Structures are given as C-alpha cells and as structure tokens.
>>> print(open('my_file_4.pdb').read())   # PDB, C-alpha atoms and all ligand atoms
MODEL        1
ATOM      1  CA  MET W 900      54.210 118.623 117.781
ATOM      2  CA  ARG W 901      51.780 121.154 119.158
ATOM      3  CA  VAL W 902      52.010 124.170 116.883
ATOM      4  CA  SER W 903      49.542 127.021 117.000
ATOM      5  CA  HIS W 904      48.176 127.888 113.607
ATOM      6  CA  GLU W 905      46.034 130.762 114.834
ATOM      7  CA  ALA W 906      49.124 132.827 115.554
ATOM      8  CA  ASN W 907      48.793 136.585 115.421
ATOM      9  CA  ILE W 908      50.855 137.132 112.299
ATOM     10  CA  GLY W 909      50.559 140.622 110.924
ATOM     11  CA  GLY W 910      53.491 140.943 108.562
ATOM     12  CA  GLY W 911      54.450 139.770 105.129
ATOM     13  CA  TYR W 912      54.898 136.117 105.954
ATOM     14  CA  ALA W 913      51.303 135.334 106.940
ATOM     15  CA  SER W 914      50.760 133.334 103.769
ATOM     16  CA  LYS W 915      53.594 130.928 104.578
ATOM     17  CA  PRO W 916      52.669 127.579 106.157
ATOM     18  CA  ALA W 917      53.439 127.671 109.894
ATOM     19  CA  ARG W 918      56.181 125.046 109.560
ATOM     20  CA  PHE W 919      58.186 127.493 107.424
ATOM     21  CA  LEU W 920      57.958 130.227 110.068
ATOM     22  CA  GLN W 921      60.050 130.704 113.194
ATOM     23  CA  HIS W 922      58.497 129.544 116.456
ATOM     24  CA  THR W 923      58.754 130.485 120.074
ATOM     25  CA  LEU W 924      56.907 129.592 123.278
ATOM     26  CA  LYS W 925      53.437 130.989 123.950
ATOM     27  CA  GLY W 926      54.453 131.890 127.496
ATOM     28  CA  PRO W 927      57.093 131.215 130.117
ATOM     29  CA  ILE W 928      57.356 127.896 131.931
ATOM     30  CA  TYR W 929      59.349 126.969 135.035
ATOM     31  CA  CYS W 930      60.826 123.898 136.699
ATOM     32  CA  SER W 931      63.624 122.954 139.035
ATOM     33  CA  GLY W 932      65.978 120.030 139.297
ATOM     34  CA  THR W 933      69.484 118.869 140.105
ATOM     35  CA  GLY W 934      72.694 119.305 138.125
ATOM     36  CA  LEU W 935      74.226 115.951 137.147
ATOM     37  CA  HIS W 936      77.806 116.912 137.981
ATOM     38  CA  SER W 937      77.422 119.639 140.606
ATOM     39  CA  GLY W 938      74.528 117.981 142.426
ATOM     40  CA  ALA W 939      73.261 121.550 142.930
ATOM     41  CA  ARG W 940      69.561 122.376 142.933
ATOM     42  CA  VAL W 941      68.776 124.834 140.117
ATOM     43  CA  SER W 942      65.702 126.638 138.814
ATOM     44  CA  LEU W 943      65.059 126.687 135.092
ATOM     45  CA  ALA W 944      62.769 128.993 133.110
ATOM     46  CA  LEU W 945      62.021 128.749 129.390
ATOM     47  CA  LYS W 946      60.723 132.061 128.004
ATOM     48  CA  PRO W 947      59.459 133.368 124.652
ATOM     49  CA  ALA W 948      61.930 135.365 122.549
ATOM     50  CA  ALA W 949      61.684 137.643 119.505
ATOM     51  CA  PRO W 950      62.337 136.374 115.958
ATOM     52  CA  ASP W 951      66.029 135.792 115.111
ATOM     53  CA  THR W 952      67.020 135.607 118.802
ATOM     54  CA  GLY W 953      67.911 131.923 118.580
ATOM     55  CA  VAL W 954      68.454 129.985 121.806
ATOM     56  CA  VAL W 955      70.014 132.189 124.466
ATOM     57  CA  PHE W 956      70.970 131.193 128.010
ATOM     58  CA  ARG W 957      70.923 133.615 130.921
ATOM     59  CA  ARG W 958      72.431 132.976 134.358
ATOM     60  CA  THR W 959      70.072 134.505 136.928
ATOM     61  CA  ASP W 960      72.501 133.858 139.820
ATOM     62  CA  VAL W 961      75.324 135.935 138.289
ATOM     63  CA  ARG W 962      75.495 139.690 138.872
ATOM     64  CA  GLY W 963      76.741 142.132 136.245
ATOM     65  CA  ASP W 964      76.113 142.725 132.558
ATOM     66  CA  ASP W 965      77.599 139.573 131.080
ATOM     67  CA  THR W 966      75.009 137.012 132.106
ATOM     68  CA  ILE W 967      73.937 136.086 128.555
ATOM     69  CA  ILE W 968      75.432 133.022 126.870
ATOM     70  CA  PRO W 969      74.425 132.362 123.240
ATOM     71  CA  GLY W 970      73.443 128.748 122.539
ATOM     72  CA  ARG W 971      75.870 128.481 119.676
ATOM     73  CA  PHE W 972      78.668 126.105 118.592
ATOM     74  CA  ASP W 973      81.314 128.844 118.801
ATOM     75  CA  ARG W 974      80.501 129.351 122.509
ATOM     76  CA  VAL W 975      81.246 125.705 123.367
ATOM     77  CA  SER W 976      84.113 125.775 125.873
ATOM     78  CA  ASP W 977      84.203 122.227 127.233
ATOM     79  CA  THR W 978      82.953 118.888 125.947
ATOM     80  CA  ARG W 979      84.570 116.422 128.325
ATOM     81  CA  LEU W 980      81.471 115.155 130.116
ATOM     82  CA  CYS W 981      78.718 117.214 128.549
ATOM     83  CA  THR W 982      78.472 120.281 126.343
ATOM     84  CA  THR W 983      79.396 123.499 128.207
ATOM     85  CA  LEU W 984      78.888 126.996 126.802
ATOM     86  CA  SER W 985      80.752 130.117 127.991
ATOM     87  CA  ASN W 986      80.545 133.805 127.137
ATOM     88  CA  GLU W 987      83.474 136.210 126.835
ATOM     89  CA  ALA W 988      83.273 137.067 130.541
ATOM     90  CA  GLY W 989      83.745 133.383 131.395
ATOM     91  CA  VAL W 990      80.144 132.889 132.587
ATOM     92  CA  SER W 991      79.196 129.345 131.652
ATOM     93  CA  VAL W 992      76.314 126.915 131.556
ATOM     94  CA  SER W 993      76.788 123.183 131.127
ATOM     95  CA  THR W 994      74.830 120.069 130.157
ATOM     96  CA  VAL W 995      72.846 122.000 127.560
ATOM     97  CA  GLU W 996      72.559 119.158 125.036
ATOM     98  CA  HIS W 997      69.357 117.446 126.224
ATOM     99  CA  LEU W 998      67.457 120.748 126.326
ATOM    100  CA  MET W 999      68.905 121.753 122.935
ATOM    101  CA  ALA W1000      67.695 118.395 121.554
ATOM    102  CA  ALA W1001      64.177 119.024 122.923
ATOM    103  CA  LEU W1002      64.099 122.520 121.385
ATOM    104  CA  SER W1003      65.257 121.085 118.056
ATOM    105  CA  GLY W1004      62.798 118.190 118.246
ATOM    106  CA  CYS W1005      59.915 120.591 118.951
ATOM    107  CA  ALA W1006      61.039 122.854 116.046
ATOM    108  CA  LEU W1007      61.521 125.891 118.285
ATOM    109  CA  ASP W1008      63.767 128.695 117.068
ATOM    110  CA  ASN W1009      63.703 131.455 119.685
ATOM    111  CA  VAL W1010      63.854 130.766 123.419
ATOM    112  CA  VAL W1011      65.491 132.431 126.411
ATOM    113  CA  VAL W1012      66.654 129.818 128.917
ATOM    114  CA  GLU W1013      67.141 131.218 132.420
ATOM    115  CA  VAL W1014      69.027 129.080 134.896
ATOM    116  CA  SER W1015      69.993 129.817 138.507
ATOM    117  CA  GLY W1016      73.292 127.903 138.407
ATOM    118  CA  ALA W1017      76.155 126.754 136.199
ATOM    119  CA  GLU W1018      74.495 123.536 135.101
ATOM    120  CA  LEU W1019      71.070 122.713 133.666
ATOM    121  CA  PRO W1020      69.012 120.231 135.677
ATOM    122  CA  ILE W1021      69.540 116.661 134.464
ATOM    123  CA  MET W1022      65.870 115.757 135.117
ATOM    124  CA  ASP W1023      65.505 112.026 134.265
ATOM    125  CA  GLY W1024      68.564 112.007 131.973
ATOM    126  CA  SER W1025      66.481 112.311 128.809
ATOM    127  CA  SER W1026      64.799 115.143 126.864
ATOM    128  CA  GLU W1027      61.254 114.085 127.744
ATOM    129  CA  PRO W1028      60.787 116.435 130.754
ATOM    130  CA  PHE W1029      61.850 119.383 128.574
ATOM    131  CA  VAL W1030      59.428 118.316 125.815
ATOM    132  CA  PHE W1031      56.718 118.151 128.500
ATOM    133  CA  LEU W1032      57.557 121.719 129.607
ATOM    134  CA  ILE W1033      57.426 122.946 126.000
ATOM    135  CA  ASP W1034      54.031 121.246 125.579
ATOM    136  CA  CYS W1035      52.762 122.926 128.752
ATOM    137  CA  ALA W1036      53.936 126.349 127.557
ATOM    138  CA  GLY W1037      52.635 125.879 124.019
ATOM    139  CA  VAL W1038      54.335 126.924 120.802
ATOM    140  CA  VAL W1039      53.458 129.841 118.537
ATOM    141  CA  ALA W1040      54.480 130.810 114.990
ATOM    142  CA  GLN W1041      56.217 134.159 114.524
ATOM    143  CA  ASP W1042      56.211 136.640 111.676
ATOM    144  CA  ALA W1043      59.600 135.641 110.311
ATOM    145  CA  PRO W1044      60.708 132.915 107.901
ATOM    146  CA  ARG W1045      62.422 129.893 109.400
ATOM    147  CA  ARG W1046      65.989 129.776 108.190
ATOM    148  CA  ALA W1047      68.209 126.752 107.783
ATOM    149  CA  ILE W1048      71.840 125.969 107.087
ATOM    150  CA  ARG W1049      72.317 123.974 103.898
ATOM    151  CA  VAL W1050      75.461 121.871 103.675
ATOM    152  CA  ARG W1051      77.133 122.327 100.288
ATOM    153  CA  LYS W1052      80.272 120.208 100.682
ATOM    154  CA  PRO W1053      81.107 117.118 102.769
ATOM    155  CA  VAL W1054      83.106 117.840 105.910
ATOM    156  CA  THR W1055      84.680 115.039 107.982
ATOM    157  CA  VAL W1056      86.496 115.037 111.314
ATOM    158  CA  ARG W1057      88.137 112.089 113.059
ATOM    159  CA  GLU W1058      89.379 111.510 116.567
ATOM    160  CA  GLY W1059      90.766 108.136 117.582
ATOM    161  CA  ARG W1060      88.085 105.564 116.755
ATOM    162  CA  SER W1061      85.416 108.252 116.342
ATOM    163  CA  MET W1062      84.337 109.891 113.127
ATOM    164  CA  ALA W1063      81.728 112.517 112.277
ATOM    165  CA  ARG W1064      80.782 113.693 108.809
ATOM    166  CA  ILE W1065      78.195 116.064 107.417
ATOM    167  CA  GLU W1066      77.337 116.052 103.731
ATOM    168  CA  PRO W1067      74.876 117.590 101.276
ATOM    169  CA  TRP W1068      71.461 115.918 101.335
ATOM    170  CA  ASN W1069      67.918 116.927 100.420
ATOM    171  CA  GLY W1070      66.668 116.590 103.947
ATOM    172  CA  SER W1071      67.807 116.627 107.547
ATOM    173  CA  THR W1072      68.912 113.145 108.551
ATOM    174  CA  ILE W1073      71.357 111.537 110.945
ATOM    175  CA  ASN W1074      72.829 108.084 111.066
ATOM    176  CA  ILE W1075      74.844 106.837 114.034
ATOM    177  CA  GLU W1076      76.865 103.691 114.572
ATOM    178  CA  LEU W1077      77.955 102.539 118.020
ATOM    179  CA  ASP W1078      80.253  99.674 118.847
ATOM    180  CA  PHE W1079      80.622  98.818 122.540
ATOM    181  CA  GLU W1080      81.831  95.575 124.056
ATOM    182  CA  THR W1081      78.976  95.321 126.546
ATOM    183  CA  ALA W1082      76.015  93.226 125.381
ATOM    184  CA  VAL W1083      73.765  96.060 126.625
ATOM    185  CA  ILE W1084      74.874  98.104 123.581
ATOM    186  CA  GLY W1085      76.955  95.919 121.232
ATOM    187  CA  ARG W1086      76.984  97.051 117.618
ATOM    188  CA  ARG W1087      74.018  99.295 116.943
ATOM    189  CA  SER W1088      73.046 101.832 114.359
ATOM    190  CA  ILE W1089      70.151 104.230 114.059
ATOM    191  CA  PHE W1090      68.797 106.414 111.268
ATOM    192  CA  VAL W1091      66.644 109.456 112.044
ATOM    193  CA  ASP W1092      64.846 111.810 109.653
ATOM    194  CA  LEU W1093      64.517 115.026 111.649
ATOM    195  CA  PHE W1094      61.671 116.297 109.452
ATOM    196  CA  GLU W1095      59.516 113.255 110.165
ATOM    197  CA  GLY W1096      58.640 114.592 113.612
ATOM    198  CA  ARG W1097      59.554 111.329 115.363
ATOM    199  CA  PHE W1098      61.742 112.920 118.036
ATOM    200  CA  ARG W1099      59.044 112.927 120.706
ATOM    201  CA  ASP W1100      58.062 109.263 120.310
ATOM    202  CA  ASP W1101      61.301 107.644 119.215
ATOM    203  CA  LEU W1102      64.096 109.585 120.909
ATOM    204  CA  SER W1103      63.034 112.024 123.635
ATOM    205  CA  ARG W1104      62.673 109.340 126.351
ATOM    206  CA  ALA W1105      66.121 107.779 125.794
ATOM    207  CA  ARG W1106      68.274 108.430 128.883
ATOM    208  CA  THR W1107      71.933 109.206 129.209
ATOM    209  CA  PHE W1108      74.061 106.161 130.027
ATOM    210  CA  GLY W1109      77.315 105.442 131.784
ATOM    211  CA  PHE W1110      79.425 102.547 132.962
ATOM    212  CA  LEU W1111      79.693 101.750 136.642
ATOM    213  CA  HIS W1112      83.510 102.007 136.680
ATOM    214  CA  GLU W1113      83.274 105.443 135.017
ATOM    215  CA  VAL W1114      80.637 106.600 137.475
ATOM    216  CA  GLU W1115      82.879 105.544 140.364
ATOM    217  CA  ALA W1116      85.857 107.395 138.850
ATOM    218  CA  LEU W1117      83.726 110.526 138.304
ATOM    219  CA  ARG W1118      82.463 110.398 141.877
ATOM    220  CA  ALA W1119      86.049 110.084 143.141
ATOM    221  CA  ALA W1120      86.893 113.222 141.106
ATOM    222  CA  GLY W1121      83.982 115.098 142.714
ATOM    223  CA  LEU W1122      81.815 114.866 139.571
ATOM    224  CA  ALA W1123      78.494 113.168 138.828
ATOM    225  CA  ARG W1124      77.414 114.232 142.341
ATOM    226  CA  GLY W1125      73.818 114.530 141.194
ATOM    227  CA  GLY W1126      73.998 111.282 139.217
ATOM    228  CA  SER W1127      71.869 108.337 140.236
ATOM    229  CA  LEU W1128      69.851 105.502 138.795
ATOM    230  CA  GLU W1129      67.021 108.076 138.697
ATOM    231  CA  ASN W1130      68.705 110.032 135.891
ATOM    232  CA  ALA W1131      71.018 107.671 134.022
ATOM    233  CA  VAL W1132      71.219 104.147 132.720
ATOM    234  CA  VAL W1133      74.161 102.561 134.535
ATOM    235  CA  ILE W1134      75.832  99.577 132.884
ATOM    236  CA  SER W1135      78.078  97.075 134.652
ATOM    237  CA  GLY W1136      79.577  94.421 132.404
ATOM    238  CA  ASP W1137      76.668  93.054 130.391
ATOM    239  CA  ARG W1138      74.026  94.166 132.894
ATOM    240  CA  VAL W1139      71.848  97.224 133.374
ATOM    241  CA  LEU W1140      71.779  98.149 137.065
ATOM    242  CA  ASN W1141      68.513 100.112 136.869
ATOM    243  CA  GLU W1142      65.719  98.074 138.410
ATOM    244  CA  ASP W1143      63.272  98.745 135.577
ATOM    245  CA  GLY W1144      65.853  98.043 132.871
ATOM    246  CA  LEU W1145      65.900  99.930 129.593
ATOM    247  CA  ARG W1146      63.096 102.019 128.085
ATOM    248  CA  PHE W1147      64.013 100.702 124.607
ATOM    249  CA  ALA W1148      66.210  97.696 123.734
ATOM    250  CA  ASP W1149      68.451 100.168 121.881
ATOM    251  CA  GLU W1150      68.050 103.036 124.356
ATOM    252  CA  CYS W1151      71.789 103.885 124.321
ATOM    253  CA  VAL W1152      72.037 104.457 120.562
ATOM    254  CA  ARG W1153      68.777 106.412 120.686
ATOM    255  CA  HIS W1154      70.321 108.606 123.378
ATOM    256  CA  LYS W1155      73.428 109.133 121.206
ATOM    257  CA  ALA W1156      71.117 110.331 118.431
ATOM    258  CA  LEU W1157      69.440 112.689 120.928
ATOM    259  CA  ASP W1158      72.852 114.037 121.999
ATOM    260  CA  CYS W1159      73.885 114.582 118.358
ATOM    261  CA  ILE W1160      70.613 116.413 117.606
ATOM    262  CA  GLY W1161      71.236 118.693 120.600
ATOM    263  CA  ASP W1162      74.866 119.317 119.686
ATOM    264  CA  LEU W1163      74.046 119.970 116.011
ATOM    265  CA  PHE W1164      71.273 122.447 116.943
ATOM    266  CA  LEU W1165      74.092 124.627 118.311
ATOM    267  CA  ALA W1166      74.660 125.453 114.619
ATOM    268  CA  GLY W1167      71.957 128.069 115.303
ATOM    269  CA  ALA W1168      69.348 126.655 112.932
ATOM    270  CA  PRO W1169      68.194 123.351 111.434
ATOM    271  CA  ILE W1170      70.816 121.811 109.174
ATOM    272  CA  ILE W1171      69.835 120.624 105.700
ATOM    273  CA  GLY W1172      72.274 117.779 105.185
ATOM    274  CA  HIS W1173      73.088 114.269 106.327
ATOM    275  CA  PHE W1174      75.113 113.643 109.506
ATOM    276  CA  HIS W1175      76.982 110.384 109.890
ATOM    277  CA  GLY W1176      78.650 109.561 113.193
ATOM    278  CA  GLU W1177      80.721 106.553 114.236
ATOM    279  CA  ARG W1178      81.077 106.485 118.029
ATOM    280  CA  PRO W1179      80.317 110.219 118.073
ATOM    281  CA  GLY W1180      80.546 112.397 121.171
ATOM    282  CA  HIS W1181      80.149 116.020 122.213
ATOM    283  CA  ALA W1182      83.785 116.888 121.374
ATOM    284  CA  ILE W1183      83.780 115.557 117.825
ATOM    285  CA  ASN W1184      80.299 116.973 117.156
ATOM    286  CA  ASN W1185      81.568 120.434 118.080
ATOM    287  CA  ARG W1186      84.739 120.012 116.006
ATOM    288  CA  LEU W1187      82.545 119.072 113.038
ATOM    289  CA  LEU W1188      80.463 122.260 113.326
ATOM    290  CA  ARG W1189      83.600 124.364 113.694
ATOM    291  CA  ALA W1190      85.120 122.721 110.595
ATOM    292  CA  LEU W1191      81.892 123.227 108.618
ATOM    293  CA  PHE W1192      81.574 126.919 109.480
ATOM    294  CA  ALA W1193      85.302 127.557 108.988
ATOM    295  CA  ASP W1194      84.833 126.864 105.266
ATOM    296  CA  GLU W1195      82.476 129.474 103.815
ATOM    297  CA  SER W1196      82.006 127.448 100.650
ATOM    298  CA  ALA W1197      80.783 124.406 102.638
ATOM    299  CA  TRP W1198      77.425 125.860 103.703
ATOM    300  CA  GLU W1199      74.844 128.584 103.060
ATOM    301  CA  TRP W1200      71.811 130.147 104.698
ATOM    302  CA  ILE W1201      68.461 129.393 103.082
ATOM    303  CA  ASP W1202      64.824 130.010 103.915
ATOM    304  CA  LEU W1203      63.483 126.643 104.991
ATOM    305  CA  ASP W1204      60.857 126.391 102.235
ATOM    306  CA  ASP W1205      63.559 126.697  99.623
ATOM    307  CA  ALA W1206      65.185 123.505 100.818
ATOM    308  CA  ALA W1207      64.547 120.570  98.545
ATOM    309  CA  GLY W1208      64.424 118.356 101.597
ATOM    310  CA  THR W1209      61.330 120.039 102.976
ATOM    311  CA  ARG W1210      59.211 119.455  99.880
ATOM    312  CA  ARG W1211      58.558 115.884 100.907
ATOM    313  CA  GLU W1212      57.393 117.130 104.288
ATOM    314  CA  ALA W1213      55.174 119.697 102.570
ATOM    315  CA  ALA W1214      53.692 117.020 100.329
ATOM    316  CA  SER W1215      52.952 114.653 103.197
ATOM    317  CA  ALA W1216      51.657 117.266 105.649
TER     318      ALA W1216
HETATM  319 ZN    ZN D1301      73.292 112.931 126.668
ENDMDL
END
>>> encode(input="my_file_4.pdb", output="structure tokens", more="lines below")
Ligand SMILES: [Zn+2]
Amino acid sequence: MRVSHEANIGGGYASKPARFLQHTLKGPIYCSGTGLHSGARVSLALKPAAPDTGVVFRRTDVRGDDTIIPGRFDRVSDTRLCTTLSNEAGVSVSTVEHLMAALSGCALDNVVVEVSGAELPIMDGSSEPFVFLIDCAGVVAQDAPRRAIRVRKPVTVREGRSMARIEPWNGSTINIELDFETAVIGRRSIFVDLFEGRFRDDLSRARTFGFLHEVEALRAAGLARGGSLENAVVISGDRVLNEDGLRFADECVRHKALDCIGDLFLAGAPIIGHFHGERPGHAINNRLLRALFADESAWEWIDLDDAAGTRREAASA
C-alpha cells in the first residue's frame, strides 16, 4: 500500500503511526467505463474527503439537493445482482462492492465517489482498476484517529444453503467456503487476514463470475447489457469460456472474498472480528451487518490502535 508518511498533520494525533490514522486520497482521479447491467457509459471520479466523512457517493447526473448517497449498510436497497445503495429521495447507485473492496483493501477511510449514472463502471470485473486509480491519486494520512468496529458477540444469519457469521476475534479475518457443482469451482475455501495487506496481490485481480445459462437469462430480462468476456469469468458446465482462462486456479473463491470485503466495508469502518461465510452473497452479507448493528451489545466503536488484533501488525511493521 502506498501511504504517505510526510502528511501535513498539525493536530494532536501527529505522534500516532500513520496506519492508526484516517486516510484519504491526495487528489482527485477520474476514469470512465460501462455499467455491467445498464450497459451505460459512465464517468467516475474519486475525490479526497474530510476526516469522518466515510465513503460517500454523489450522482452528478441528478439535479436537486438529494444527490448524496452514504456508502453504508443501512442504505443498501437491493442485493439481487449486486449491491445497490439508495438515499431517502430514491436516488441510487449500484454495483458498489468492487470499489468498496478496493477502498477497504487500500485502507482508505474518507472518499467522495462521483458517478454520472446509476451504476458504477464494471471495469474488468475485478477491483484492480480501482486500486490502480487509488495508486495514481496517492493516499495521505489525516489528523484523526482511525476508528474500527469491534465485534463483541457472535451474530449468525442463514438463508437457504447460505450462512454468514461474524464473531469476536483479535484481528480482522474472513473465511469463505464455496461449494459449486462445476469443476471450475468445486469445493473451495479461502482465509484472508485483512491486516496483512495482501488484498492487492491476492484478491484485487479476481474477476466476477457467472454461468452461461444465467447470463442468457439476465440478457433476456434486459440485464447484464454491459457484460462480456472482457469483464466477467463465464462458466459453462465444467469449462471457462474466456479465451485466457482464469487468473488464479481459485479465482472464483477469491472474488467471493473480494465481494465480502466490499460488502463488509459498508459497516462504515474496518471490522475487528472474524467473518465466516458459507456460499455467501450480497443479500446475506447485508443481513448480517443489519443483525450485528441491531444489537447494541454485539459491537462497539474503538480507536484502531486499541484493538488487540492490530498489535501483531504493529509488531511486524
Ligand atoms: Zn463481485
């Protein structure tokens, strides 16, 4: 991660190591791309934001006062194909999860995301193009302590064959199990320590995946209009249809981990706890956050350096 340590920090937190401070972008950065479902061309801007802003989306194509959509779990309005956020005026932005994962993986706290349409660009179906943009913009520490959400009690939600659980843990880790009939995926599991800084190398390049019959059904319903072999792994039976194959043998489970990281970052801060998901998806991930925050005794705010789980990181840094 590229973190500036010569940040202009004038306040009372200057003595804290940069990793315990909030971070934003050094400057704005721009790109454009196509929405996966709408097929619409959209412009995207990532801009610096003040401490404690969090991740905030702004629709630049919508007139009026209500163009701001907080990047928070309680603004999630639809999870059927991707994660969609809406504000009280009904202004929405969808497919936020791969950008949220990149922001989480780059340890950013405060960013304004401006988009000229209702859907973020899908780019290549992974988080890597967003990580590249963040690298180009640069990252800077801010004069405010980085806060985290510590899980105090296990919370579990189930839905059909899917399960998601979050439990107390001295660190920020996720473990995912997938079980698909196709030999392309099969039974796979993955364990990720979010404080190890492996997101960029191990997860960011993993692309979204879909099955050919699903893609055909989506197309028939007028969705996935922007979808192609350029921005998704498409599986038919036991075969990958993309000419160059997979980027990793276990690319699909890596992408699930990426999705979960993006969905969980909608908590509004890093989570100190362990996430376990069996066949997780955007819907169950959002239900889990809602269940966690509905129980005030299940979580608490902490300053990140107070978390036991960050001591190991401090010792190895
Ligand atoms: Zn995804």
>>> residues_near_ligand(input="my_file_4.pdb", ligand="ligand ZN 1301 (chain D)", cutoff="8 Å", atoms="only C-alpha atoms and all ligand atoms", output="MDAnalysis selection string")
chainID W and resid 981 996:997 1024:1025 1106:1108 1154:1155 1157:1158
>>> atom_distance(input="my_file_4.pdb", atom1="CA of Thr923 (chain W)", atom2="CA of Val1039 (chain W)")
5.6 Å
>>> closest_atom_pairs(input="my_file_4.pdb", of="region 1138-1205 of chain W", to="region 953-972 of chain W", cutoff="7 Å", atoms="all atoms listed in the file", output="CSV")
residue,atom,partner,partner_atom,distance
W:Leu1165,CA,W:Arg971,CA,4.5
W:Ala1166,CA,W:Phe972,CA,5.7
W:Gly1167,CA,W:Arg971,CA,5.9
W:Asn1185,CA,W:Phe972,CA,6.4
W:Leu1188,CA,W:Phe972,CA,6.8
>>> write_last_selection(input="my_file_4.pdb", atoms="C-alpha atoms", output="PDB file, keeping the file's coordinate frame")
ATOM      1  CA  LEU W1165      74.092 124.627 118.311  1.00  0.00           C
ATOM      2  CA  ALA W1166      74.660 125.453 114.619  1.00  0.00           C
ATOM      3  CA  GLY W1167      71.957 128.069 115.303  1.00  0.00           C
ATOM      4  CA  ASN W1185      81.568 120.434 118.080  1.00  0.00           C
ATOM      5  CA  LEU W1188      80.463 122.260 113.326  1.00  0.00           C
TER       6      LEU W1188
END
>>> resolve_selection(input="my_file_4.pdb", expression="the PyMOL selection byres (((chain W and resi 1127-1129) around 8) and not hetatm)", output="JSON, numbers by chain")
{"W": [1023, 1024, 1125, 1126, 1130, 1131, 1132, 1133, 1140, 1141]}
>>> resolve_selection(input="my_file_4.pdb", expression="the PyMOL selection byres (((chain W and resi 1191) around 10) and not hetatm)", output="PyMOL selection string")
chain W and resi 1050-1056+1064-1066+1166+1185-1190+1192-1198
>>> write_last_selection(input="my_file_4.pdb", atoms="C-alpha atoms", output="PDB file, keeping the file's coordinate frame")
ATOM      1  CA  VAL W1050      75.461 121.871 103.675  1.00  0.00           C
ATOM      2  CA  ARG W1051      77.133 122.327 100.288  1.00  0.00           C
ATOM      3  CA  LYS W1052      80.272 120.208 100.682  1.00  0.00           C
ATOM      4  CA  PRO W1053      81.107 117.118 102.769  1.00  0.00           C
ATOM      5  CA  VAL W1054      83.106 117.840 105.910  1.00  0.00           C
ATOM      6  CA  THR W1055      84.680 115.039 107.982  1.00  0.00           C
ATOM      7  CA  VAL W1056      86.496 115.037 111.314  1.00  0.00           C
ATOM      8  CA  ARG W1064      80.782 113.693 108.809  1.00  0.00           C
ATOM      9  CA  ILE W1065      78.195 116.064 107.417  1.00  0.00           C
ATOM     10  CA  GLU W1066      77.337 116.052 103.731  1.00  0.00           C
ATOM     11  CA  ALA W1166      74.660 125.453 114.619  1.00  0.00           C
ATOM     12  CA  ASN W1185      81.568 120.434 118.080  1.00  0.00           C
ATOM     13  CA  ARG W1186      84.739 120.012 116.006  1.00  0.00           C
ATOM     14  CA  LEU W1187      82.545 119.072 113.038  1.00  0.00           C
ATOM     15  CA  LEU W1188      80.463 122.260 113.326  1.00  0.00           C
ATOM     16  CA  ARG W1189      83.600 124.364 113.694  1.00  0.00           C
ATOM     17  CA  ALA W1190      85.120 122.721 110.595  1.00  0.00           C
ATOM     18  CA  PHE W1192      81.574 126.919 109.480  1.00  0.00           C
ATOM     19  CA  ALA W1193      85.302 127.557 108.988  1.00  0.00           C
ATOM     20  CA  ASP W1194      84.833 126.864 105.266  1.00  0.00           C
ATOM     21  CA  GLU W1195      82.476 129.474 103.815  1.00  0.00           C
ATOM     22  CA  SER W1196      82.006 127.448 100.650  1.00  0.00           C
ATOM     23  CA  ALA W1197      80.783 124.406 102.638  1.00  0.00           C
ATOM     24  CA  TRP W1198      77.425 125.860 103.703  1.00  0.00           C
TER      25      TRP W1198
END
>>> resolve_selection(input="my_file_4.pdb", expression="the PyMOL selection byres (((chain W and resi 1041) around 9) and not hetatm)", output="list in words")
Ala906, Asn907, Ile908, Tyr912, Ala917, Leu920, Gln921, His922, Thr923, Ala949, Pro950, Val1039, Ala1040, Asp1042, Ala1043 and Pro1044 of chain W
>>> residues_around(input="my_file_4.pdb", residues="region 1079-1091 of chain W", least_positions_apart="4", cutoff="10 Å", atoms="only C-alpha atoms", output="ChimeraX atom specification")
/W:1071-1075,1095-1098,1101-1102,1110,1134-1139,1145,1148-1153,1155-1157,1160,1173-1178
>>> axis_aligned_box(input="my_file_4.pdb", around="region 1145-1148 of chain W", padding_each_side="3 Å", output="lines of an AutoDock Vina configuration file")
center_x = 64.7
center_y = 99.9
center_z = 126.7
size_x = 9.1
size_y = 10.3
size_z = 11.9
>>> atom_distance(input="my_file_4.pdb", atom1="CA of Phe1094 (chain W)", atom2="CA of Cys1005 (chain W)")
10.6 Å
>>> closest_residue(input="my_file_4.pdb", among="W:Leu924, W:Ala1105, W:Leu1111, W:Ala1047", to="Leu1002 (chain W)", atoms="all atoms listed in the file")
W:Leu924
>>> atom_distance(input="my_file_4.pdb", atom1="CA of Glu1076 (chain W)", atom2="CA of Arg1049 (chain W)")
23.4 Å
>>> residues_around(input="my_file_4.pdb", residues="region 930-945 of chain W", least_positions_apart="2", cutoff="7 Å", atoms="only C-alpha atoms", output="tab-separated table (two decimals) with C-alpha atoms, in the frame of the given file")
chain	number	residue	atom	x	y	z
W	927	PRO	CA	57.09	131.22	130.12
W	928	ILE	CA	57.36	127.90	131.93
W	1010	VAL	CA	63.85	130.77	123.42
W	1011	VAL	CA	65.49	132.43	126.41
W	1012	VAL	CA	66.65	129.82	128.92
W	1013	GLU	CA	67.14	131.22	132.42
W	1014	VAL	CA	69.03	129.08	134.90
W	1015	SER	CA	69.99	129.82	138.51
W	1016	GLY	CA	73.29	127.90	138.41
W	1018	GLU	CA	74.50	123.54	135.10
W	1019	LEU	CA	71.07	122.71	133.67
W	1020	PRO	CA	69.01	120.23	135.68
W	1021	ILE	CA	69.54	116.66	134.46
W	1022	MET	CA	65.87	115.76	135.12
W	1122	LEU	CA	81.82	114.87	139.57
W	1123	ALA	CA	78.49	113.17	138.83
W	1124	ARG	CA	77.41	114.23	142.34
W	1125	GLY	CA	73.82	114.53	141.19
W	1126	GLY	CA	74.00	111.28	139.22
>>> closest_residue(input="my_file_4.pdb", among="W:Glu1058, W:Asp1078, W:Asp1008, W:Glu1027", to="Ala948 (chain W)", atoms="all atoms listed in the file")
W:Asp1008
>>> closest_residue(input="my_file_4.pdb", among="W:Leu984, W:Cys1035, W:Ile1201, W:Ala1001", to="Asp1100 (chain W)", atoms="only C-alpha atoms")
W:Ala1001
>>> closest_residue(input="my_file_4.pdb", among="W:Asn986, W:Tyr929, W:Leu980, W:Val1114", to="Pro1028 (chain W)", atoms="only C-alpha atoms")
W:Tyr929
>>> closest_residue(input="my_file_4.pdb", among="W:Leu1007, W:Ile1171, W:Ala1000, W:Val1030", to="Cys1159 (chain W)", atoms="all atoms listed in the file")
W:Ala1000
>>> residues_near_point(input="my_file_4.pdb", point="(87.8, 114.9, 119.5)", cutoff="8 Å", atoms="all atoms listed in the file", output="count of residues only")
8
>>> closest_residue(input="my_file_4.pdb", among="W:Leu1203, W:Lys915, W:Thr978, W:Gly1172", to="Asp1092 (chain W)", atoms="all atoms listed in the file")
W:Gly1172
>>> residues_around(input="my_file_4.pdb", residues="Asp1202 (chain W)", least_positions_apart="4", cutoff="9 Å", atoms="all atoms listed in the file", output="MDAnalysis selection string")
chainID W and resid 919 1044:1048 1206
